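K.L.:
So I've got this file, entry33.cif, and it contains mmCIF, C-alpha atoms:
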data_target
loop_
_atom_site.label_atom_id
_atom_site.label_comp_id
_atom_site.auth_asym_id
_atom_site.auth_seq_id
_atom_site.Cartn_x
_atom_site.Cartn_y
_atom_site.Cartn_z
CA MET A 67 0.00 0.00 0.00
CA ASN A 68 1.24 3.49 -0.78
CA GLN A 69 1.94 6.04 1.93
CA LEU A 70 -1.47 7.37 2.87
CA VAL A 71 -0.57 11.06 2.94
CA PHE A 72 2.42 13.09 1.82
CA ILE A 73 3.71 16.64 1.63
CA GLU A 74 3.17 18.47 -1.65
CA GLY A 75 4.66 21.97 -1.59
CA ASP A 76 3.68 23.22 1.86
CA GLN A 77 0.46 21.19 2.11
CA VAL A 78 -0.32 17.74 3.49
CA VAL A 79 -2.38 15.82 0.93
CA THR A 80 -3.36 12.41 -0.34
CA ASP A 81 -4.38 11.56 -3.89
CA SER A 82 -7.21 9.80 -5.68
CA LEU A 83 -5.00 6.82 -6.60
CA THR A 84 -4.22 6.16 -2.95
CA VAL A 85 -7.87 6.56 -1.97
CA ALA A 86 -8.85 4.02 -4.62
CA GLU A 87 -6.23 1.55 -3.39
CA VAL A 88 -7.02 2.01 0.31
CA PHE A 89 -10.80 1.69 -0.04
CA GLY A 90 -10.68 -1.05 -2.67
CA LYS A 91 -12.27 0.99 -5.44
CA ARG A 92 -11.51 1.51 -9.11
CA HIS A 93 -9.70 4.77 -9.72
CA ASP A 94 -12.17 5.89 -12.36
CA HIS A 95 -14.96 5.42 -9.82
CA VAL A 96 -13.14 7.63 -7.32
CA LEU A 97 -12.69 10.29 -10.01
CA ARG A 98 -16.40 10.04 -10.74
CA ASP A 99 -17.22 10.38 -7.03
CA ILE A 100 -15.13 13.55 -6.82
CA LYS A 101 -16.79 15.07 -9.88
CA ASN A 102 -20.26 14.23 -8.50
CA LEU A 103 -19.72 15.79 -5.06
CA ASP A 104 -22.43 18.24 -4.00
CA SER A 105 -19.87 20.57 -2.41
CA SER A 106 -19.49 24.15 -3.64
CA LYS A 107 -17.19 25.15 -6.48
CA GLU A 108 -15.03 27.14 -4.04
CA PHE A 109 -14.67 24.12 -1.73
CA ASN A 110 -13.71 21.86 -4.62
CA LEU A 111 -11.14 24.33 -5.98
CA HIS A 112 -9.55 24.62 -2.54
CA ASN A 113 -9.51 20.92 -1.69
CA PHE A 114 -9.10 19.05 -4.98
CA GLY A 115 -6.31 19.74 -7.48
CA GLU A 116 -6.27 17.94 -10.83
CA VAL A 117 -2.77 16.86 -11.92
CA GLU A 118 -1.22 14.43 -14.39
CA TYR A 119 0.81 11.32 -13.64
CA LYS A 120 2.47 8.57 -15.70
CA ASP A 121 1.85 4.88 -15.14
CA ASN A 122 4.52 2.17 -15.36
CA ARG A 123 4.06 2.10 -19.14
CA ASN A 124 4.71 5.86 -19.38
CA ARG A 125 1.09 6.64 -20.26
CA THR A 126 -0.33 9.93 -18.98
CA TYR A 127 -3.49 10.01 -16.88
CA LYS A 128 -5.34 12.38 -14.55
CA LYS A 129 -5.58 12.17 -10.79
CA TYR A 130 -6.55 14.51 -7.93
CA LEU A 131 -4.45 15.78 -5.05
CA ILE A 132 -6.79 15.91 -2.07
CA LYS A 133 -6.54 17.94 1.15
CA ARG A 134 -7.86 16.78 4.51
CA ASP A 135 -11.30 18.45 4.25
CA GLY A 136 -11.73 17.20 0.70
CA LEU A 137 -10.93 13.65 1.78
CA THR A 138 -13.39 13.87 4.67
CA PHE A 139 -16.15 15.01 2.33
CA LEU A 140 -15.29 12.38 -0.30
CA VAL A 141 -15.15 9.30 1.94
CA PHE A 142 -18.09 10.31 4.13
CA GLY A 143 -20.30 7.95 2.15
CA TYR A 144 -17.83 5.03 2.14
CA THR A 145 -19.32 2.60 4.65
CA GLY A 146 -18.44 -0.68 6.33
CA ALA A 147 -16.01 -1.81 9.02
CA LYS A 148 -13.03 -1.75 6.66
CA ALA A 149 -13.88 1.74 5.45
CA ALA A 150 -14.20 2.99 9.04
CA LEU A 151 -10.79 1.54 9.90
CA PHE A 152 -9.11 3.27 6.99
CA LYS A 153 -10.85 6.57 7.80
CA GLU A 154 -9.23 6.40 11.25
CA LYS A 155 -5.85 5.62 9.70
CA TYR A 156 -6.19 8.57 7.34
CA ILE A 157 -7.03 10.94 10.20
CA SER A 158 -4.06 9.66 12.18
CA GLU A 159 -1.72 10.04 9.19
CA PHE A 160 -2.90 13.57 8.42
CA ASN A 161 -2.27 14.57 12.03
CA ARG A 162 1.17 12.97 12.07
CA MET A 163 2.24 14.47 8.74
CA GLU A 164 0.97 17.92 9.64
CA ASN A 165 3.07 17.77 12.80
CA GLU A 166 6.08 16.81 10.69
CA LEU A 167 5.39 19.73 8.38
CA GLN A 168 5.24 22.13 11.32
CA LYS A 169 8.62 20.84 12.48
CA LEU A 170 10.05 21.49 9.03
CA LYS A 171 8.80 25.07 9.24
CA GLN A 172 10.26 25.68 12.70
CA PRO A 173 13.20 28.12 12.88
CA SER A 174 16.46 26.23 13.29
CA TYR A 175 17.18 27.78 16.71
CA MET A 176 13.97 26.19 18.09
CA ILE A 177 14.91 22.62 17.10
CA ASP A 178 16.57 20.56 19.85
CA ASP A 179 17.90 17.71 17.73
CA PRO A 180 21.31 18.87 16.36
CA VAL A 181 21.01 16.99 13.05
CA SER A 182 17.51 18.33 12.36
CA ARG A 183 18.62 21.80 13.45
CA ALA A 184 21.56 21.72 11.01
CA LYS A 185 19.32 20.56 8.13
CA ARG A 186 16.80 23.30 8.88
CA TRP A 187 19.59 25.92 9.06
CA ILE A 188 20.85 24.88 5.60
CA THR A 189 17.30 25.13 4.21
CA GLU A 190 16.92 28.60 5.79
CA GLN A 191 20.14 29.80 4.15
CA GLU A 192 19.05 28.48 0.75
CA GLU A 193 15.65 30.18 1.12
CA ARG A 194 17.30 33.43 2.21
CA GLN A 195 19.69 33.41 -0.77
CA GLN A 196 16.82 32.71 -3.16
CA LEU A 197 14.78 35.55 -1.65
CA GLU A 198 17.73 37.96 -1.87
CA GLN A 199 18.28 37.07 -5.52
CA THR A 200 14.57 37.59 -6.30
CA LEU A 201 14.59 40.94 -4.52
CA ARG A 202 17.69 42.07 -6.42
CA ILE A 203 16.05 41.24 -9.75
CA GLN A 204 12.82 42.97 -8.77
CA GLU A 205 14.66 46.01 -7.46
CA SER A 206 16.61 46.25 -10.71
CA LEU A 207 13.45 46.09 -12.81
CA VAL A 208 11.58 48.61 -10.66
CA SER A 209 14.56 50.97 -10.69
CA PHE A 210 14.90 50.62 -14.44
CA ALA A 211 11.22 51.32 -14.98
CA ALA A 212 11.43 54.38 -12.77
CA GLU A 213 14.49 55.67 -14.64
CA SER A 214 12.75 55.14 -17.96
CA CYS A 215 9.64 56.99 -16.87
CA MET A 216 11.61 59.84 -15.35
CA ALA A 217 13.76 60.14 -18.46
CA SER A 218 10.72 61.12 -20.48
CA GLU A 219 7.54 62.78 -19.27
CA LYS A 220 5.97 62.95 -22.71
CA SER A 221 5.11 60.65 -25.58
CA LEU A 222 7.94 60.05 -28.04
CA LEU A 223 8.41 58.90 -31.61
CA VAL A 224 9.96 55.46 -32.14
CA ARG A 225 13.31 56.97 -33.14
CA GLU A 226 13.31 59.01 -29.94
CA VAL A 227 12.60 55.92 -27.85
CA ALA A 228 15.49 54.14 -29.61
CA LYS A 229 17.76 57.01 -28.53
CA LEU A 230 16.37 56.82 -25.00
CA ALA A 231 17.12 53.07 -24.92
CA SER A 232 20.68 53.75 -26.08
CA LYS A 233 21.16 56.04 -23.10
CA GLN A 234 20.12 53.10 -20.92
CA GLY A 235 22.82 50.90 -22.43
CA ILE A 236 20.69 49.20 -25.10
CA VAL A 237 22.13 49.57 -28.58
CA ILE A 238 19.21 49.69 -30.99
CA GLY A 239 18.27 51.85 -33.98
CA GLU A 240 14.92 53.11 -35.16
CA ARG A 241 14.44 50.37 -37.77
CA GLN A 242 15.45 47.67 -35.33
CA LEU A 243 13.00 48.97 -32.75
CA PHE A 244 10.20 49.06 -35.31
CA GLN A 245 11.00 45.42 -36.12
CA LYS A 246 10.96 44.51 -32.42
CA LEU A 247 7.52 46.07 -32.05
CA ARG A 248 6.32 44.00 -35.02
CA ASP A 249 7.89 40.82 -33.64
CA TRP A 250 6.16 41.44 -30.29
CA LYS A 251 2.84 41.93 -32.12
CA MET A 252 2.50 45.44 -30.71
CA ILE A 253 2.20 47.11 -34.12
CA PHE A 254 0.94 45.85 -37.47
CA SER A 255 3.42 44.05 -39.73
CA ASN A 256 2.51 46.09 -42.81
CA LYS A 257 2.11 49.57 -41.31
CA ASN A 258 3.45 51.63 -38.44
CA GLU A 259 0.27 51.57 -36.39
CA PRO A 260 -0.26 49.93 -33.00
CA TYR A 261 -2.80 47.23 -32.25
CA GLN A 262 -5.79 48.60 -30.36
CA GLU A 263 -4.97 46.36 -27.39
CA TYR A 264 -1.78 48.32 -26.72
CA VAL A 265 -3.49 51.64 -27.26
CA ASN A 266 -6.03 50.56 -24.64
CA ARG A 267 -3.21 49.63 -22.28
CA GLY A 268 -1.91 53.19 -22.58
CA TYR A 269 1.34 52.28 -24.40
CA PHE A 270 0.67 54.26 -27.60
CA GLU A 271 -0.96 57.46 -28.76
CA VAL A 272 -2.04 57.97 -32.36
CA ALA A 273 -2.50 61.48 -33.75
CA GLN A 274 -4.43 61.99 -37.00
CA GLY A 275 -3.97 64.89 -39.40
CA VAL A 276 -4.83 65.95 -42.93
CA ARG A 277 -2.50 67.51 -45.52
CA GLU A 278 -2.66 68.45 -49.19
CA VAL A 279 -0.81 66.15 -51.60
CA SER A 280 -1.04 67.01 -55.33
CA GLY A 281 -4.17 69.00 -54.69
CA LYS A 282 -5.85 66.20 -52.75
CA SER A 283 -6.46 65.86 -49.01
CA LYS A 284 -4.60 62.94 -47.52
CA THR A 285 -5.04 61.62 -43.99
CA TRP A 286 -1.91 60.72 -42.06
CA LEU A 287 -1.29 59.10 -38.69
CA THR A 288 1.55 59.68 -36.27
CA MET A 289 2.25 56.97 -33.70
CA LYS A 290 3.91 57.95 -30.43
CA ILE A 291 4.93 55.85 -27.45
CA THR A 292 3.68 57.07 -24.07
CA PRO A 293 5.92 57.17 -20.95
CA LYS A 294 4.17 53.99 -19.79
CA GLY A 295 4.87 52.34 -23.13
CA GLN A 296 8.48 53.52 -23.07
CA ALA A 297 9.05 51.87 -19.69
CA TYR A 298 7.43 48.63 -20.88
CA ILE A 299 9.43 48.50 -24.13
CA ILE A 300 12.78 49.43 -22.59
CA ASN A 301 12.32 46.90 -19.77
CA LYS A 302 11.48 44.23 -22.35
CA LEU A 303 14.61 45.12 -24.34
CA LYS A 304 16.67 45.07 -21.15
CA LYS A 305 15.44 41.58 -20.19
CA GLN A 306 16.12 40.25 -23.70
CA GLN A 307 19.63 41.71 -23.58
CA ALA A 308 20.28 40.05 -20.22
CA SER A 309 19.05 36.60 -21.35
#
Starting from the coordinates I provided, produce the structure as structure tokens.

P.N.:
Amino acid sequence: MNQLVFIEGDQVVTDSLTVAEVFGKRHDHVLRDIKNLDSSKEFNLHNFGEVEYKDNRNRTYKKYLIKRDGLTFLVFGYTGAKAALFKEKYISEFNRMENELQKLKQPSYMIDDPVSRAKRWITEQEERQQLEQTLRIQESLVSFAAESCMASEKSLLVREVAKLASKQGIVIGERQLFQKLRDWKMIFSNKNEPYQEYVNRGYFEVAQGVREVSGKSKTWLTMKITPKGQAYIINKLKKQQAS
């Protein structure tokens, strides 16, 4: 028999495969029971998580990760002496594993056992280093966005944004920037006009005018990139350059 419950991320769970094995049911019947529960959508989303797994022939199937409350609701209708026994075992295992999880979360200085304390201290250092790295990246991006916005308080032409990017250490010309905007699907491939989505986001402004050409009135459009759009584009260029 599989371990009844296990730690997934920072949660103690079981899964539908284990439930099927423990209660002597077919797995597809357990999946059906879960789908037919009368519980609310919010309850189901919180307590049942659909995931994929591979069998011993490398075929992919679906199963559910199940939290304690979800299991209680699911097996409530499973009756008989054997079912009652396994319900008790499940409750006991959830309690035991949740205690183990709490120990794993304890600060190292609160753990008496020297081996466990050392393991927890190593985990704390790894978590701290990961957090510091994430904060450095976020700080860099926020700072860069702020610099970009402060560098220009008005909407600019594409060639002006290319010059602004160059001042930020990104070597790019007007034509190259136009091509980037096309590649990113921000402007049309056959004309220098932005998609409405990015106008709605506040990244572009489009001015329309009329002028005389050979005695005829001709409408023309001028696309400009707003300060918000400048920050977005320059940050995107910066991340691509760093990758």

K.L.:
One decimal, in Å: what's the spacing between atom CA of A:Ser82 and atom CA of A:Lys129?

P.N.:
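It comes out at 5.9 Å.
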
K.L.:
Select, counting only C-alpha atoms, all protein, DNA and RNA residues no farther than 9 Å from (1.0, 47.1, -29.4) in file coordinates, and express the selection as number ranges by chain.

P.N.:
A: 247-248, 250-254, 259-265, 267, 269-270

K.L.:
If we count all atoms listed in the file, what is near A:Leu111 at a cut-off of 12 Å, once residues fewer than 6 positions away on the same chain are taken out, given as a list in words?

P.N.:
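That gives Ile100, Lys101, Ser105, Tyr130, Leu131, Ile132, Lys133, Asp135 and Gly136 of chain A.
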
K.L.:
Restricting the calculation to all atoms listed in the file, which member of A:Asn165, A:Ser255, A:Asn124, A:Thr145 is positioned closest to A:Ile73?

P.N.:
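Once distances to A:Ile73 are computed over all atoms listed in the file, the minimum belongs to A:Asn165.
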
K.L.:
Please enumerate the residues selected by the PyMOL selection byres ((chain A and resi 99) around 12) when evaluated against the supplied file, formatted as JSON, numbers by chain.

P.N.:
{"A": [82, 85, 86, 91, 92, 93, 94, 95, 96, 97, 98, 100, 101, 102, 103, 104, 105, 130, 136, 137, 139, 140, 141, 142, 143, 144]}

K.L.:
Do you have the atom CA of A:Ala297-atom CA of A:Lys257 distance handy?

P.N.:
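A separation of 22.8 Å between them.
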
K.L.:
Restricting the calculation to only C-alpha atoms: of A:Lys155, A:Arg125, A:Arg134, A:Lys294, which residue gets closest to A:His112?

P.N.:
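Using only C-alpha atoms, A:His112 sits closest to A:Arg134.
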
K.L.:
Take atom CA of A:Met289 and atom CA of A:Val224 and report the distance between them in Å, one decimal.

P.N.:
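Taking atom CA of A:Met289 as the start and atom CA of A:Val224 as the end point, the length is 8.0 Å.
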
K.L.:
Check the smallest atom-to-atom distance from each of A:Ala231, A:Val88, A:Val79, A:Lys148 to A:Gln296 using all atoms listed in the file, then report the winner.

P.N.:
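Answer, going by the shortest atom-to-atom distance: A:Ala231.
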
K.L.:
Counting all atoms listed in the file, figure out which residue out of A:Asn301, A:Gln242, A:Val71, A:Lys282 gets nearest to A:Ser158.

P.N.:
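Looking at the shortest contact to A:Ser158, the residue is A:Val71.
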
K.L.:
Which of these, A:Ile188, A:Ala149, A:Met163, A:Ile299, has the shortest distance to A:Ala228 once you count all atoms listed in the file?

P.N.:
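Closest to A:Ala228 of all the choices is A:Ile299.
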
K.L.:
Kindly reconstruct stretch 106-122 of chain A with N, CA, C and O atoms and present the result as a PDB file, keeping the file's coordinate frame.

P.N.:
ATOM      1  N   SER A 106     -19.528  22.943  -2.830  1.00  0.00           N
ATOM      2  CA  SER A 106     -19.490  24.150  -3.640  1.00  0.00           C
ATOM      3  C   SER A 106     -18.255  24.172  -4.534  1.00  0.00           C
ATOM      4  O   SER A 106     -17.263  23.470  -4.290  1.00  0.00           O
ATOM      5  N   LYS A 107     -18.310  25.007  -5.559  1.00  0.00           N
ATOM      6  CA  LYS A 107     -17.190  25.150  -6.480  1.00  0.00           C
ATOM      7  C   LYS A 107     -15.957  25.650  -5.736  1.00  0.00           C
ATOM      8  O   LYS A 107     -14.838  25.174  -5.980  1.00  0.00           O
ATOM      9  N   GLU A 108     -16.154  26.584  -4.798  1.00  0.00           N
ATOM     10  CA  GLU A 108     -15.030  27.140  -4.040  1.00  0.00           C
ATOM     11  C   GLU A 108     -14.363  26.058  -3.183  1.00  0.00           C
ATOM     12  O   GLU A 108     -13.131  25.968  -3.111  1.00  0.00           O
ATOM     13  N   PHE A 109     -15.196  25.225  -2.544  1.00  0.00           N
ATOM     14  CA  PHE A 109     -14.670  24.120  -1.730  1.00  0.00           C
ATOM     15  C   PHE A 109     -13.865  23.166  -2.585  1.00  0.00           C
ATOM     16  O   PHE A 109     -12.759  22.754  -2.211  1.00  0.00           O
ATOM     17  N   ASN A 110     -14.402  22.802  -3.734  1.00  0.00           N
ATOM     18  CA  ASN A 110     -13.710  21.860  -4.620  1.00  0.00           C
ATOM     19  C   ASN A 110     -12.383  22.421  -5.112  1.00  0.00           C
ATOM     20  O   ASN A 110     -11.378  21.708  -5.169  1.00  0.00           O
ATOM     21  N   LEU A 111     -12.374  23.707  -5.491  1.00  0.00           N
ATOM     22  CA  LEU A 111     -11.140  24.330  -5.980  1.00  0.00           C
ATOM     23  C   LEU A 111     -10.071  24.341  -4.897  1.00  0.00           C
ATOM     24  O   LEU A 111      -8.883  24.192  -5.182  1.00  0.00           O
ATOM     25  N   HIS A 112     -10.504  24.534  -3.642  1.00  0.00           N
ATOM     26  CA  HIS A 112      -9.550  24.620  -2.540  1.00  0.00           C
ATOM     27  C   HIS A 112      -9.038  23.256  -2.107  1.00  0.00           C
ATOM     28  O   HIS A 112      -7.902  23.149  -1.631  1.00  0.00           O
ATOM     29  N   ASN A 113      -9.846  22.218  -2.266  1.00  0.00           N
ATOM     30  CA  ASN A 113      -9.510  20.920  -1.690  1.00  0.00           C
ATOM     31  C   ASN A 113      -9.150  19.824  -2.685  1.00  0.00           C
ATOM     32  O   ASN A 113      -8.647  18.772  -2.280  1.00  0.00           O
ATOM     33  N   PHE A 114      -9.416  20.052  -3.973  1.00  0.00           N
ATOM     34  CA  PHE A 114      -9.100  19.050  -4.980  1.00  0.00           C
ATOM     35  C   PHE A 114      -8.301  19.719  -6.112  1.00  0.00           C
ATOM     36  O   PHE A 114      -8.767  20.688  -6.715  1.00  0.00           O
ATOM     37  N   GLY A 115      -7.120  19.197  -6.391  1.00  0.00           N
ATOM     38  CA  GLY A 115      -6.310  19.740  -7.480  1.00  0.00           C
ATOM     39  C   GLY A 115      -6.018  18.683  -8.523  1.00  0.00           C
ATOM     40  O   GLY A 115      -5.410  17.636  -8.230  1.00  0.00           O
ATOM     41  N   GLU A 116      -6.482  18.910  -9.756  1.00  0.00           N
ATOM     42  CA  GLU A 116      -6.270  17.940 -10.830  1.00  0.00           C
ATOM     43  C   GLU A 116      -4.844  18.036 -11.355  1.00  0.00           C
ATOM     44  O   GLU A 116      -4.378  19.122 -11.683  1.00  0.00           O
ATOM     45  N   VAL A 117      -4.144  16.916 -11.410  1.00  0.00           N
ATOM     46  CA  VAL A 117      -2.770  16.860 -11.920  1.00  0.00           C
ATOM     47  C   VAL A 117      -2.628  15.649 -12.836  1.00  0.00           C
ATOM     48  O   VAL A 117      -3.515  14.797 -12.898  1.00  0.00           O
ATOM     49  N   GLU A 118      -1.503  15.580 -13.518  1.00  0.00           N
ATOM     50  CA  GLU A 118      -1.220  14.430 -14.390  1.00  0.00           C
ATOM     51  C   GLU A 118      -0.174  13.529 -13.745  1.00  0.00           C
ATOM     52  O   GLU A 118       0.657  13.984 -12.958  1.00  0.00           O
ATOM     53  N   TYR A 119      -0.214  12.262 -14.081  1.00  0.00           N
ATOM     54  CA  TYR A 119       0.810  11.320 -13.640  1.00  0.00           C
ATOM     55  C   TYR A 119       1.030  10.304 -14.761  1.00  0.00           C
ATOM     56  O   TYR A 119       0.208  10.171 -15.675  1.00  0.00           O
ATOM     57  N   LYS A 120       2.151   9.599 -14.707  1.00  0.00           N
ATOM     58  CA  LYS A 120       2.470   8.570 -15.700  1.00  0.00           C
ATOM     59  C   LYS A 120       2.460   7.208 -15.019  1.00  0.00           C
ATOM     60  O   LYS A 120       2.981   7.044 -13.915  1.00  0.00           O
ATOM     61  N   ASP A 121       1.850   6.218 -15.699  1.00  0.00           N
ATOM     62  CA  ASP A 121       1.850   4.880 -15.140  1.00  0.00           C
ATOM     63  C   ASP A 121       3.152   4.174 -15.492  1.00  0.00           C
ATOM     64  O   ASP A 121       4.059   4.771 -16.079  1.00  0.00           O
ATOM     65  N   ASN A 122       3.261   2.881 -15.130  1.00  0.00           N
ATOM     66  CA  ASN A 122       4.520   2.170 -15.360  1.00  0.00           C
ATOM     67  C   ASN A 122       4.801   1.887 -16.826  1.00  0.00           C
ATOM     68  O   ASN A 122       5.867   1.397 -17.170  1.00  0.00           O
TER      69      ASN A 122
END
